[in-house]
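Shown below: start-v6.tsv, with TSV, C-alpha atoms.
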chain	number	residue	atom	x	y	z
A	14	MET	CA	113.01	113.41	155.68
A	15	PRO	CA	114.76	116.75	154.99
A	16	PRO	CA	113.01	119.85	156.35
A	17	MET	CA	110.62	121.82	154.22
A	18	PRO	CA	111.84	125.19	152.88
A	19	ASP	CA	112.10	128.00	155.42
A	20	SER	CA	109.81	131.02	155.14
A	21	LEU	CA	107.26	129.04	153.13
A	22	PRO	CA	104.20	131.21	152.32
A	23	ASP	CA	100.94	130.14	153.96
A	24	GLN	CA	99.23	129.77	150.57
A	25	PRO	CA	101.28	127.92	147.92
A	26	ALA	CA	101.56	129.68	144.59
A	27	THR	CA	99.34	127.35	142.61
A	28	GLY	CA	97.66	128.54	139.44
A	29	PHE	CA	99.00	131.29	137.25
A	30	ASP	CA	100.58	134.74	137.18
A	31	ARG	CA	102.72	134.18	140.23
A	32	LEU	CA	106.44	134.50	140.99
A	33	VAL	CA	108.39	132.76	143.73
A	34	SER	CA	111.95	133.60	144.83
A	35	PHE	CA	114.28	131.21	146.61
A	36	THR	CA	117.79	131.19	148.02
A	37	ILE	CA	120.02	128.27	149.03
A	38	PRO	CA	122.54	129.92	151.38
A	39	ALA	CA	124.88	126.95	151.71
A	40	GLN	CA	125.31	126.81	147.91
A	41	ASP	CA	125.51	130.60	147.35
A	42	CYS	CA	122.58	130.22	144.96
A	43	ARG	CA	119.42	132.15	144.23
A	44	GLY	CA	116.55	131.47	141.88
A	45	ARG	CA	113.12	132.42	140.57
A	46	VAL	CA	110.18	130.32	139.39
A	47	VAL	CA	107.26	131.81	137.45
A	48	ARG	CA	104.07	130.63	135.77
A	49	LEU	CA	101.95	132.84	133.51
A	50	GLY	CA	98.43	132.24	132.19
A	51	PRO	CA	95.72	134.92	131.92
A	52	VAL	CA	98.42	137.60	131.69
A	53	LEU	CA	99.72	135.95	128.53
A	54	ASP	CA	96.23	135.73	127.04
A	55	GLU	CA	95.60	139.41	127.71
A	56	ILE	CA	98.89	140.61	126.25
A	57	LEU	CA	98.84	138.33	123.21
A	58	ALA	CA	95.23	139.22	122.39
A	59	ALA	CA	96.19	142.83	121.64
A	60	HIS	CA	97.52	141.79	118.21
A	61	ASP	CA	96.61	139.14	115.67
A	62	TYR	CA	99.90	137.27	115.92
A	63	PRO	CA	100.55	133.97	114.06
A	64	PRO	CA	100.97	130.98	116.43
A	65	ALA	CA	104.79	130.92	116.23
A	66	ILE	CA	104.99	134.65	117.00
A	67	LYS	CA	102.68	134.16	119.99
A	68	LEU	CA	104.97	131.47	121.35
A	69	VAL	CA	108.15	133.53	121.01
A	70	LEU	CA	106.47	136.54	122.68
A	71	ALA	CA	105.12	134.29	125.43
A	72	GLU	CA	108.64	132.94	125.98
A	73	ALA	CA	109.99	136.50	126.12
A	74	LEU	CA	107.37	137.49	128.71
A	75	VAL	CA	108.26	134.50	130.90
A	76	LEU	CA	111.94	135.47	130.70
A	77	THR	CA	111.10	139.10	131.47
A	78	ALA	CA	109.19	138.04	134.58
A	79	LEU	CA	112.07	135.82	135.75
A	80	VAL	CA	114.73	138.53	135.38
A	81	GLY	CA	112.37	141.28	136.54
A	82	GLY	CA	111.85	139.27	139.70
A	83	LEU	CA	115.52	139.86	140.53
A	84	LEU	CA	114.91	143.61	140.90
A	85	LYS	CA	114.89	144.88	144.47
A	86	ASP	CA	112.85	148.10	144.45
A	87	ALA	CA	109.33	148.83	143.21
A	88	ASP	CA	110.64	151.75	141.13
A	89	ASP	CA	113.09	149.56	139.21
A	90	GLN	CA	112.28	148.55	135.64
A	91	LEU	CA	113.66	145.95	133.26
A	92	THR	CA	113.39	146.13	129.46
A	93	ILE	CA	114.36	143.23	127.21
A	94	GLN	CA	114.74	144.07	123.53
A	95	ALA	CA	115.65	141.86	120.58
A	96	GLN	CA	116.33	143.73	117.34
A	97	ALA	CA	117.32	141.98	114.13
A	98	ASN	CA	117.58	141.99	110.35
A	99	GLY	CA	117.02	139.25	107.80
A	100	GLY	CA	114.31	137.38	109.65
A	101	VAL	CA	110.55	137.54	110.13
A	102	ILE	CA	110.80	139.52	113.37
A	103	SER	CA	112.48	142.92	113.27
A	104	LEU	CA	111.81	143.97	116.88
A	105	LEU	CA	110.63	142.38	120.12
A	106	VAL	CA	110.24	144.45	123.28
A	107	CYS	CA	109.10	143.40	126.76
A	108	ASP	CA	109.36	145.15	130.09
A	109	TYR	CA	108.69	144.55	133.77
A	110	HIS	CA	107.85	147.13	136.42
A	111	ASP	CA	106.72	146.15	139.93
A	112	GLY	CA	104.96	142.98	138.75
A	113	ALA	CA	103.46	144.54	135.61
A	114	LEU	CA	104.38	143.00	132.25
A	115	ARG	CA	103.93	144.18	128.69
A	116	GLY	CA	105.36	143.25	125.31
A	117	TYR	CA	104.92	143.35	121.56
A	118	VAL	CA	106.50	142.11	118.33
A	119	GLN	CA	107.06	143.78	114.98
A	120	HIS	CA	107.08	141.18	112.21
A	121	ASP	CA	106.56	140.76	108.48
A	122	PRO	CA	103.41	138.65	107.88
A	123	ALA	CA	104.39	137.96	104.28
A	124	GLU	CA	107.76	136.55	105.29
A	125	PHE	CA	106.15	134.47	108.02
A	126	ASP	CA	104.11	132.55	105.44
A	127	THR	CA	107.35	131.14	104.02
A	128	LEU	CA	108.39	129.51	107.31
A	129	GLY	CA	107.52	126.07	108.60
A	130	SER	CA	105.28	125.32	111.56
A	131	ASN	CA	108.08	125.41	114.14
A	132	PRO	CA	110.75	127.98	113.13
A	133	ASP	CA	113.89	128.33	115.24
A	134	LEU	CA	115.46	131.54	116.50
A	135	PRO	CA	117.69	132.20	113.43
A	136	ALA	CA	114.72	131.78	111.09
A	137	LEU	CA	112.58	134.16	113.15
A	138	PHE	CA	115.19	136.87	113.78
A	139	GLY	CA	118.01	136.43	111.29
A	140	GLU	CA	120.99	138.32	112.71
A	141	GLY	CA	120.62	140.77	115.56
A	142	TYR	CA	121.28	141.54	119.20
A	143	LEU	CA	119.69	141.08	122.60
A	144	ALA	CA	119.74	144.07	124.96
A	145	LEU	CA	118.77	144.21	128.63
A	146	THR	CA	118.23	147.61	130.22
A	147	PHE	CA	117.90	148.05	133.98
A	148	ASP	CA	116.43	151.37	135.11
A	149	MET	CA	117.14	151.62	138.82
A	150	GLY	CA	114.49	154.11	139.90
A	151	GLY	CA	115.63	154.44	143.48
A	152	GLU	CA	119.24	155.08	142.45
A	153	GLY	CA	118.44	157.14	139.38
A	154	LYS	CA	120.82	155.01	137.31
A	155	ARG	CA	120.52	152.99	134.11
A	156	TYR	CA	122.53	149.93	133.11
A	157	GLN	CA	122.48	148.18	129.75
A	158	GLY	CA	124.10	145.04	128.40
A	159	ILE	CA	124.10	143.90	124.76
A	160	VAL	CA	125.04	140.53	123.29
A	161	PRO	CA	124.55	138.87	119.88
A	162	LEU	CA	121.18	137.20	119.43
A	163	GLU	CA	122.42	133.62	119.21
A	164	GLY	CA	121.19	130.14	120.05
A	165	GLN	CA	118.11	128.13	119.15
A	166	SER	CA	115.73	130.05	121.42
A	167	LEU	CA	115.38	133.28	123.38
A	168	THR	CA	115.97	131.24	126.52
A	169	GLU	CA	119.41	130.19	125.24
A	170	ALA	CA	120.20	133.74	124.14
A	171	LEU	CA	119.31	135.18	127.56
A	172	GLN	CA	121.29	132.51	129.38
A	173	ALA	CA	124.29	133.45	127.22
A	174	TYR	CA	123.73	137.12	128.10
A	175	PHE	CA	124.33	136.46	131.80
A	176	GLY	CA	127.48	134.52	131.04
A	177	GLN	CA	128.93	137.07	128.61
A	178	SER	CA	127.68	140.45	129.83
A	179	GLU	CA	126.95	139.97	133.54
A	180	GLN	CA	129.53	137.18	133.99
A	181	VAL	CA	127.17	135.45	136.41
A	182	PRO	CA	126.73	131.67	135.98
A	183	THR	CA	123.04	131.24	135.16
A	184	LEU	CA	120.76	128.44	134.06
A	185	ILE	CA	117.29	129.11	132.61
A	186	ARG	CA	114.55	126.69	131.64
A	187	THR	CA	111.14	127.50	130.14
A	188	GLY	CA	107.99	125.62	129.20
A	189	LEU	CA	105.22	126.86	126.91
A	190	LYS	CA	101.79	125.64	125.80
A	191	SER	CA	99.20	127.23	123.55
A	192	GLY	CA	95.74	125.87	122.84
A	193	ALA	CA	92.00	126.48	122.84
A	194	ALA	CA	92.00	126.76	126.62
A	195	GLY	CA	94.56	129.56	126.56
A	196	ASN	CA	98.29	130.18	126.77
A	197	VAL	CA	100.54	128.97	129.57
A	198	GLY	CA	104.20	129.75	130.16
A	199	GLY	CA	106.50	128.75	132.99
A	200	GLY	CA	110.15	129.33	133.77
A	201	LEU	CA	112.98	128.60	136.19
A	202	LEU	CA	116.12	130.72	136.68
A	203	VAL	CA	118.99	129.79	138.99
A	204	GLN	CA	122.17	131.78	139.53
A	205	HIS	CA	125.35	131.44	141.52
A	206	LEU	CA	125.82	134.54	143.64
A	207	PRO	CA	129.01	136.41	142.58
A	208	ASP	CA	131.77	136.46	145.17
A	209	GLY	CA	134.35	138.68	143.46
A	210	GLU	CA	133.61	141.46	145.94
A	211	ASP	CA	135.29	139.41	148.67
A	212	GLY	CA	138.62	139.45	146.87
A	213	ARG	CA	138.25	135.92	145.53
A	214	GLU	CA	138.56	134.86	141.92
A	215	ARG	CA	135.29	135.41	140.07
A	216	LEU	CA	133.38	132.19	139.50
A	217	HIS	CA	133.11	132.68	135.74
A	218	ALA	CA	136.92	132.55	135.51
A	219	ARG	CA	137.15	129.10	137.12
A	220	LEU	CA	137.14	125.86	135.18
A	221	ASN	CA	134.71	124.29	137.64
A	222	HIS	CA	132.99	124.96	140.92
A	223	PRO	CA	131.32	122.24	143.04
A	224	GLN	CA	128.52	124.47	144.38
A	225	TRP	CA	127.41	125.68	140.97
A	226	GLU	CA	127.78	122.27	139.36
A	227	HIS	CA	125.54	120.78	142.05
A	228	VAL	CA	122.83	123.45	141.77
A	229	SER	CA	122.82	123.62	137.98
A	230	LEU	CA	122.77	119.86	137.45
A	231	LEU	CA	119.68	119.55	139.63
A	232	ALA	CA	118.01	122.46	137.82
A	233	GLN	CA	118.60	120.75	134.48
A	234	THR	CA	116.33	117.88	135.56
A	235	ILE	CA	113.23	120.11	135.47
A	236	GLN	CA	110.82	119.24	132.68
A	237	PRO	CA	108.86	121.84	130.65
A	238	GLU	CA	105.64	120.05	131.63
A	239	GLU	CA	106.36	120.65	135.32
A	240	LEU	CA	106.81	124.38	134.78
A	241	ILE	CA	103.33	124.74	133.22
A	242	GLU	CA	101.42	122.26	135.40
A	243	GLN	CA	98.76	124.32	137.19
A	244	ASP	CA	98.25	121.83	140.03
A	245	LEU	CA	101.96	121.84	140.88
A	246	SER	CA	102.73	124.84	143.04
A	247	LEU	CA	105.85	126.87	142.43
A	248	GLU	CA	107.08	126.02	145.94
A	249	GLU	CA	106.73	122.32	145.12
A	250	ILE	CA	108.94	122.80	142.07
A	251	VAL	CA	111.67	124.24	144.30
A	252	TRP	CA	111.11	121.41	146.77
A	253	ARG	CA	111.39	118.73	144.07
A	254	LEU	CA	114.72	120.11	142.90
A	255	TYR	CA	116.42	121.00	146.18
A	256	HIS	CA	114.71	119.08	148.99
A	257	GLU	CA	118.03	117.54	150.11
A	258	GLU	CA	119.50	120.94	150.96
A	259	ASP	CA	119.80	121.81	154.65
A	260	ARG	CA	118.03	125.13	154.23
A	261	ILE	CA	115.98	126.81	151.50
A	262	LEU	CA	114.61	130.34	151.88
A	263	VAL	CA	111.41	130.77	149.87
A	264	GLU	CA	109.57	134.06	149.37
A	265	ARG	CA	106.40	134.82	147.45
A	266	GLY	CA	107.02	137.49	144.83
A	267	ALA	CA	104.63	139.97	143.30
A	268	SER	CA	101.41	138.97	141.59
A	269	LEU	CA	101.90	139.51	137.88
A	270	CYS	CA	99.57	141.50	135.64
A	271	LYS	CA	99.36	143.20	132.27
A	272	GLY	CA	100.90	146.61	132.75
A	273	CYS	CA	100.68	148.84	129.70
A	274	ARG	CA	101.08	152.37	131.02
A	275	CYS	CA	99.55	154.20	128.07
A	276	SER	CA	96.92	156.87	128.71
A	277	ALA	CA	95.91	160.19	127.22
A	278	GLN	CA	97.49	161.94	130.21
A	279	HIS	CA	100.77	160.05	129.70
A	280	PHE	CA	100.96	161.02	126.04
A	281	GLU	CA	100.12	164.64	126.85
A	282	GLN	CA	103.15	164.68	129.14
A	283	VAL	CA	105.30	163.13	126.40
A	284	LEU	CA	104.12	165.62	123.78
A	285	ALA	CA	104.85	168.51	126.14
A	286	ARG	CA	108.54	167.79	125.61
A	287	PHE	CA	108.25	168.70	121.92
A	288	SER	CA	108.28	172.23	120.56
A	289	HIS	CA	105.11	173.95	119.40
A	290	VAL	CA	106.26	173.65	115.77
A	291	ASP	CA	106.81	169.92	116.11
A	292	ARG	CA	103.39	169.40	117.67
A	293	VAL	CA	101.71	171.33	114.85
A	294	GLU	CA	103.34	169.02	112.31
A	295	MET	CA	102.03	165.99	114.21
A	296	LYS	CA	98.37	167.07	113.90
A	297	ASP	CA	96.02	165.54	111.36
A	298	GLU	CA	93.48	167.47	109.26
A	299	THR	CA	91.12	167.73	112.25
A	300	GLY	CA	93.78	169.28	114.47
A	301	VAL	CA	94.20	166.15	116.61
A	302	ILE	CA	97.43	164.29	117.35
A	303	ARG	CA	96.77	160.54	117.05
A	304	ILE	CA	99.10	158.17	118.86
A	305	ASP	CA	99.13	154.40	118.56
A	306	CYS	CA	100.34	152.30	121.48
A	307	ALA	CA	102.35	149.40	120.06
A	308	PHE	CA	101.96	147.38	123.26
A	309	CYS	CA	98.17	147.33	123.63
A	310	SER	CA	97.14	148.29	120.07
A	311	ARG	CA	95.02	151.24	121.21
A	312	GLN	CA	94.86	154.68	119.63
A	313	PHE	CA	94.80	157.89	121.64
A	314	CYS	CA	93.63	161.25	120.37
A	315	VAL	CA	95.33	164.19	122.04
A	316	GLN	CA	94.10	167.75	121.66
A	317	ASP	CA	96.89	170.32	121.72
Take the structure in the file and give it back as structure tokens.
Amino acid sequence: MPPMPDSLPDQPATGFDRLVSFTIPAQDCRGRVVRLGPVLDEILAAHDYPPAIKLVLAEALVLTALVGGLLKDADDQLTIQAQANGGVISLLVCDYHDGALRGYVQHDPAEFDTLGSNPDLPALFGEGYLALTFDMGGEGKRYQGIVPLEGQSLTEALQAYFGQSEQVPTLIRTGLKSGAAGNVGGGLLVQHLPDGEDGRERLHARLNHPQWEHVSLLAQTIQPEELIEQDLSLEEIVWRLYHEEDRILVERGASLCKGCRCSAQHFEQVLARFSHVDRVEMKDETGVIRIDCAFCSRQFCVQD
């Protein structure tokens, strides 16, 4: 029998709100597996979203956790934003910072009533774009990539982003479930490590590549039910897919949590950037500046 993955954590990542990273050195491949549960419930409960909106936000949060898990430093932050016209949803924003997730959706409830029970991406968003912003805290740099919001799901749109903007061969799979017992979302991301830095032709420019074909074909066999099965650990998912490899490096990622960073102190710091005249115009009749947090649906009253 092939050896178990190297560097396997003592406690498998069963349950929810966990992230696992893995690398297959011989195939120049890396990947992430994630499963969310209570975190989804907490974030989605902040707004009275219709079921279809809950599912698309849950999918976006799973994707944000997968890509956020690629970040190296605790100070780094990822923001995924989908902005569109002509659909039910006008704006979707999620971000990841050191294991903390948050997200929200702006949508038109009246327009939503005209859709069926299982609307696709074009019906929900119309025409728009998908933007990924990487704030590299340790380096003090910001990178952003933008692609058209296309495909039948956010998963397809994000997979296309890596091919078009990052030019990194990537395969992403997600699974979602919503019911009386709560919301569950799982995801798998695999990527071929770029080798253009070594003077070789970039992988995206080749017609085929045996390493990537091998890794991606195996990843495509994953079923959505496996990604959301609580009793199946994330390490076991990696093992099921790649147990014939000579060596797999597996590392437990951060525990995931709801991470809205709003507070009265935070908003006081934000307001301090505005002029005195601007702050006076923001006050209500009682002399208080009221600020709504779109992520957690809380209101903050700031005295100036």
Within 6 Å of (105.1, 137.0, 128.9) (coordinates as in the file), grab all the protein and nucleic acid residues, counting all atoms listed in the file, and write them out as a PyMOL selection string. chain A and resi 53+71+73-75
Please provide as a ChimeraX atom specification all residues within 12 Å of A:Leu128, with the sequence filter that same-chain residues fewer than 6 positions apart are discarded (counting all atoms listed in the file). /A:63-66,100-102,121-122,134-138
File dump, residues just selected, C-alpha atoms, as a PDB file, in the coordinates of the input:
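Below is the file out_19.pdb, written as the result:
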ATOM      1  CA  PRO A  63     100.550 133.970 114.060  1.00  0.00           C
ATOM      2  CA  PRO A  64     100.970 130.980 116.430  1.00  0.00           C
ATOM      3  CA  ALA A  65     104.790 130.920 116.230  1.00  0.00           C
ATOM      4  CA  ILE A  66     104.990 134.650 117.000  1.00  0.00           C
ATOM      5  CA  GLY A 100     114.310 137.380 109.650  1.00  0.00           C
ATOM      6  CA  VAL A 101     110.550 137.540 110.130  1.00  0.00           C
ATOM      7  CA  ILE A 102     110.800 139.520 113.370  1.00  0.00           C
ATOM      8  CA  ASP A 121     106.560 140.760 108.480  1.00  0.00           C
ATOM      9  CA  PRO A 122     103.410 138.650 107.880  1.00  0.00           C
ATOM     10  CA  LEU A 134     115.460 131.540 116.500  1.00  0.00           C
ATOM     11  CA  PRO A 135     117.690 132.200 113.430  1.00  0.00           C
ATOM     12  CA  ALA A 136     114.720 131.780 111.090  1.00  0.00           C
ATOM     13  CA  LEU A 137     112.580 134.160 113.150  1.00  0.00           C
ATOM     14  CA  PHE A 138     115.190 136.870 113.780  1.00  0.00           C
TER      15      PHE A 138
END
Counting all atoms listed in the file, the residue among A:Leu70, A:Val290, A:Cys309, A:Ala170 that lies closest to A:Gly272 is A:Cys309
Which residue out of A:Thr77, A:Asp148, A:Gly116, A:Glu226 has the minimum interatomic distance to A:Leu167 when all atoms listed in the file are used?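 The shortest atom-to-atom distance to A:Leu167 comes from A:Thr77.
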Name the closest residue to A:Arg45 among the candidates A:Gln243, A:Thr299, A:Gln204, A:Gln224; distances are taken between atoms, counting only C-alpha atoms. A:Gln204
Restricting to only C-alpha atoms, whichever of A:Gly150, A:Gly198, A:Pro223, A:Gly158 is closest to A:Glu242 is A:Gly198
Repair of stretch 76-87 of chain A at the level of all heavy atoms, as a compact mmCIF listing (two decimals), in the coordinates of the input:
# COMPACT_ATOMS: atom_id res chain seq x y z
N LEU A 76 110.56 135.08 130.38
CA LEU A 76 111.94 135.47 130.70
C LEU A 76 111.98 136.85 131.36
O LEU A 76 112.76 137.07 132.29
CB LEU A 76 112.77 135.47 129.42
CG LEU A 76 112.94 134.11 128.74
CD1 LEU A 76 113.63 134.28 127.38
CD2 LEU A 76 113.73 133.15 129.62
N THR A 77 111.14 137.76 130.88
CA THR A 77 111.10 139.10 131.47
C THR A 77 110.65 139.04 132.91
O THR A 77 111.18 139.75 133.78
CB THR A 77 110.17 140.00 130.66
OG1 THR A 77 110.62 140.05 129.29
CG2 THR A 77 110.15 141.42 131.20
N ALA A 78 109.66 138.19 133.21
CA ALA A 78 109.19 138.04 134.58
C ALA A 78 110.27 137.44 135.47
O ALA A 78 110.46 137.87 136.62
CB ALA A 78 107.94 137.18 134.61
N LEU A 79 111.01 136.45 134.95
CA LEU A 79 112.07 135.82 135.75
C LEU A 79 113.17 136.82 136.11
O LEU A 79 113.57 136.92 137.27
CB LEU A 79 112.69 134.67 134.96
CG LEU A 79 111.90 133.37 134.86
CD1 LEU A 79 112.58 132.41 133.89
CD2 LEU A 79 111.73 132.72 136.22
N VAL A 80 113.64 137.57 135.11
CA VAL A 80 114.73 138.53 135.38
C VAL A 80 114.18 139.73 136.14
O VAL A 80 114.85 140.26 137.03
CB VAL A 80 115.40 138.96 134.07
CG1 VAL A 80 116.54 139.92 134.35
CG2 VAL A 80 115.92 137.75 133.31
N GLY A 81 112.97 140.17 135.80
CA GLY A 81 112.37 141.28 136.54
C GLY A 81 112.20 140.95 138.02
O GLY A 81 112.30 141.84 138.87
N GLY A 82 111.99 139.67 138.31
CA GLY A 82 111.85 139.27 139.70
C GLY A 82 113.13 139.41 140.50
O GLY A 82 113.10 139.31 141.73
N LEU A 83 114.26 139.63 139.83
CA LEU A 83 115.52 139.86 140.53
C LEU A 83 115.65 141.29 141.04
O LEU A 83 116.51 141.58 141.88
CB LEU A 83 116.70 139.55 139.60
CG LEU A 83 116.80 138.12 139.05
CD1 LEU A 83 117.93 138.04 138.02
CD2 LEU A 83 117.05 137.12 140.18
N LEU A 84 114.82 142.20 140.50
CA LEU A 84 114.91 143.61 140.90
C LEU A 84 114.50 143.77 142.36
O LEU A 84 113.61 143.08 142.85
CB LEU A 84 114.02 144.47 140.00
CG LEU A 84 114.38 144.45 138.51
CD1 LEU A 84 113.34 145.23 137.71
CD2 LEU A 84 115.76 145.03 138.28
N LYS A 85 115.11 144.72 143.04
CA LYS A 85 114.89 144.88 144.47
C LYS A 85 113.81 145.90 144.81
O LYS A 85 113.05 145.71 145.76
CB LYS A 85 116.20 145.27 145.15
CG LYS A 85 117.29 144.21 145.05
CD LYS A 85 118.56 144.67 145.75
CE LYS A 85 119.65 143.61 145.66
NZ LYS A 85 120.91 144.05 146.34
N ASP A 86 113.74 147.00 144.08
CA ASP A 86 112.85 148.10 144.45
C ASP A 86 111.67 148.21 143.49
O ASP A 86 111.78 147.89 142.30
CB ASP A 86 113.61 149.42 144.45
CG ASP A 86 114.74 149.44 145.47
OD1 ASP A 86 114.57 148.81 146.54
OD2 ASP A 86 115.79 150.05 145.20
N ALA A 87 110.55 148.70 144.00
CA ALA A 87 109.33 148.83 143.21
C ALA A 87 109.52 149.80 142.05
O ALA A 87 108.83 149.68 141.03
CB ALA A 87 108.17 149.28 144.10
